[in-house]
Structures are given as C-alpha cells and as structure tokens.
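What follows is a short report on a single structure.
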Amino acid sequence: MGALDLGSLWLSLRVSLVVTLLVLATGLPLAWVLARREFRGKELLSGLTALPLVLPPTVIGYYLLVALGQQSPIGRWLNEAGWPLVFTWRGAVIAASVAAFPLMVLTVRAGFEAVDQRLEAIARTLGRSNWDVFWRVTMPLAWPSVLAGTALTFARALGDFGATLMVAGNIPGRTQTASIYIYDLLQANRRTEAGIMALIISLMALALFVFSQSLTRRVLR
C-alpha cells in the first residue's frame, strides 16, 4: 500500500468551488427566466439546458473540445490571450460546469415556480420594483431551492470524470481530479487507496445530497 496523494482531492474541491460560483451566477437568472417568462423557443431552451443530464460525458467532452480546442476561433483567441482551457484546471472547471449546470437550473426553477406569484403582484402594487420584488419576496421564499441546487452542483462537480478527462486531461498535480485519480489507482491495482479515496468522495457527495433533499422537502411543504 503506497501513500495516498490528497493533492487531487484538494484540486477537486477547488474546481468544485469555482464551478459552483460560476453555475450559480449564470444558472440563477436563467432559472428565473424559465420560471417566470413566456417566450417563443422556451421549451427548446429548457431542453438544451437539461441536455447534459442525458448526454454521455464523452459527448459533452467532445463538444467542448470542438468549441474550445486550438482549432476553434475561441480556442485560438484564448491561447493567444494566455488563457488556454484545454489540458488546464480551467478546462476542468468548464467541463464540470456544463455537466452540473442543469442540476442548478432545474432545482432553482422549481423553487421559483413554487413561489406564489400573487405575493409578488402584491409587492408591485405597493410600489416595489421588479428588482426589489425578486430580492425581497421571491428569493427569500425560494432560498431553500437555491441552497439545494448549490449543494447538488458542488457534488456533481466533485465527481465529474468523463468530460473533465477529455477536456482537462490527466496531468498529476495540474488537472488530475479525485475521480481521475481513483481511476489511475485502479489501473495500478492499488485497490486499497482507491477504496479510501472513493469512500471520501462518497461521504462528501452523500452529505451534500442529504442536505439538498432536506431543503427540497422544506420547499414542498
């Protein structure tokens, strides 16, 4: 039994934290739009948002490589700007963000839809702006769903494997996340270390899932 390298775990935690902040900032407004606005193409947008839940991780990784690789205009521009994404920890952030994005949007959207719109209408009749209504009425009532979506996003990012491997690669100390490290340990027949790391990830994910479920039940009540 060799020494267990916890560097991959710390990298996964850092990546998951950045992913959670990024997905929260982008998923929150989209969830509100899908919950409160009617427009042409809404169902298509909703379907595209949920698509990463059903696509194989390798397909997600392929699309990201096509969009962000050195052969794409975006990839070339990022490389010239000194911000390459492929085979960097930033690529791991992008891959995990795409995989986790639907969990945030779907969970928060359900929370927004559970808020009684009559309460929002009353606030507007009292002279509150839409911005004030959102922060003083909608968000306090939907807050448990936002927390649940945040927990699920962090857990999903923590365990991402396929898309992250394709976009960020497997570079020890740079892009090797915990899930990829477990794969390497199994390939090296270091089953004890792989089991320990898998148990750590499982306990973290279980704690986050239980937390999100308790918040979801609170919203339903």
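So you can find residues: chains in the structure tokens are A, B, ... in the order shown, residues in each start at 1, and ligands are numbered from 1 in order.
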
Secondary structure check, alpha helix (DSSP H) residues of segment 27-147 of chain A, as a PyMOL selection string: chain A and resi 27-36+42-50+57-68+73-80+89-114+117-125+130-133+139-147

Contacts of segment 182-186 of chain A within 12 Å, only C-alpha atoms, excl. fewer than 3 positions in-chain, as a VMD selection string: chain A and resid 1 to 6 8 to 9 159 to 162 165 170 to 172 176 to 179 189 to 201

For the contact check between segment 132-177 of chain A and segment 95-103 of chain A, emit one row per residue of segment 132-177 of chain A within 12 Å, containing the shortest atom pair and the distance in Å rounded to one decimal, counting only C-alpha atoms, chain then rising number order, as JSON lines.
{"residue": "A:Ser145", "atom": "CA", "partner": "A:Leu103", "partner_atom": "CA", "distance": 10.9}
{"residue": "A:Val146", "atom": "CA", "partner": "A:Leu103", "partner_atom": "CA", "distance": 10.6}
{"residue": "A:Leu147", "atom": "CA", "partner": "A:Leu103", "partner_atom": "CA", "distance": 11.7}
{"residue": "A:Ala148", "atom": "CA", "partner": "A:Leu103", "partner_atom": "CA", "distance": 9.4}
{"residue": "A:Gly149", "atom": "CA", "partner": "A:Leu103", "partner_atom": "CA", "distance": 6.2}
{"residue": "A:Thr150", "atom": "CA", "partner": "A:Leu103", "partner_atom": "CA", "distance": 8.6}
{"residue": "A:Ala151", "atom": "CA", "partner": "A:Leu103", "partner_atom": "CA", "distance": 9.6}
{"residue": "A:Leu152", "atom": "CA", "partner": "A:Leu103", "partner_atom": "CA", "distance": 6.6}
{"residue": "A:Thr153", "atom": "CA", "partner": "A:Ala100", "partner_atom": "CA", "distance": 5.2}
{"residue": "A:Phe154", "atom": "CA", "partner": "A:Ala100", "partner_atom": "CA", "distance": 7.9}
{"residue": "A:Ala155", "atom": "CA", "partner": "A:Ala100", "partner_atom": "CA", "distance": 8.7}
{"residue": "A:Arg156", "atom": "CA", "partner": "A:Ala100", "partner_atom": "CA", "distance": 5.7}
{"residue": "A:Ala157", "atom": "CA", "partner": "A:Ala96", "partner_atom": "CA", "distance": 5.0}
{"residue": "A:Leu158", "atom": "CA", "partner": "A:Ala96", "partner_atom": "CA", "distance": 8.2}
{"residue": "A:Gly159", "atom": "CA", "partner": "A:Ala96", "partner_atom": "CA", "distance": 8.8}
{"residue": "A:Asp160", "atom": "CA", "partner": "A:Ala96", "partner_atom": "CA", "distance": 6.1}
{"residue": "A:Phe161", "atom": "CA", "partner": "A:Ala96", "partner_atom": "CA", "distance": 8.5}
{"residue": "A:Gly162", "atom": "CA", "partner": "A:Ala95", "partner_atom": "CA", "distance": 9.0}
{"residue": "A:Ala163", "atom": "CA", "partner": "A:Ala95", "partner_atom": "CA", "distance": 5.6}
{"residue": "A:Thr164", "atom": "CA", "partner": "A:Ala95", "partner_atom": "CA", "distance": 5.3}
{"residue": "A:Leu165", "atom": "CA", "partner": "A:Ala95", "partner_atom": "CA", "distance": 8.8}
{"residue": "A:Met166", "atom": "CA", "partner": "A:Ala95", "partner_atom": "CA", "distance": 8.7}
{"residue": "A:Val167", "atom": "CA", "partner": "A:Ala95", "partner_atom": "CA", "distance": 6.7}
{"residue": "A:Ala168", "atom": "CA", "partner": "A:Ala95", "partner_atom": "CA", "distance": 8.0}
{"residue": "A:Gly169", "atom": "CA", "partner": "A:Ala95", "partner_atom": "CA", "distance": 11.0}
{"residue": "A:Thr175", "atom": "CA", "partner": "A:Ala95", "partner_atom": "CA", "distance": 11.9}
{"residue": "A:Thr177", "atom": "CA", "partner": "A:Ala96", "partner_atom": "CA", "distance": 11.0}

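With only C-alpha atoms as the atoms that count, the minimum distance from Val137 of chain A to the choices A:Phe211, A:Trp89, A:Trp83, A:Phe112 is reached by A:Phe112.
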
Nearby residues (only C-alpha atoms) at most 12 Å from segment 30-35 of chain A, same-chain spacing under 4 positions excluded, as a ChimeraX atom specification: /A:23-26,39-47,49-50,101-117,134-135,138-139,142,145-146,149

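Closest approach to Gly173 of chain A from the set A:Val133, A:Leu11, A:Leu51, A:Ala207 is made by A:Leu11, with distances taken over only C-alpha atoms.
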
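When only C-alpha atoms are used to compute distances to Leu17 of chain A, the closest of the residues A:Leu126, A:Ala205, A:Gly82, A:Val93 turns out to be A:Val93.
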
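As for atom CA of Tyr181 of chain A and atom CA of Ile94 of chain A, they are spaced 19.0 Å apart.
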
Proximity of segment 85-188 of chain A to segment 66-71 of chain A: per-residue shortest pair, 9 Å limit, only C-alpha atoms, as JSON lines:
{"residue": "A:Leu85", "atom": "CA", "partner": "A:Leu68", "partner_atom": "CA", "distance": 7.0}
{"residue": "A:Val86", "atom": "CA", "partner": "A:Gly69", "partner_atom": "CA", "distance": 6.3}
{"residue": "A:Gly91", "atom": "CA", "partner": "A:Leu68", "partner_atom": "CA", "distance": 9.0}
{"residue": "A:Val167", "atom": "CA", "partner": "A:Gly69", "partner_atom": "CA", "distance": 8.7}

Now that the selection is made, can you save its residues with C-alpha atoms as a PDB file, in the first residue's frame?
ATOM      1  CA  LEU A  85      -8.628  25.958 -21.375  1.00  0.00           C
ATOM      2  CA  VAL A  86      -7.805  22.539 -22.808  1.00  0.00           C
ATOM      3  CA  GLY A  91     -10.783  23.263 -18.597  1.00  0.00           C
ATOM      4  CA  VAL A 167     -11.095  18.455 -21.736  1.00  0.00           C
TER       5      VAL A 167
END
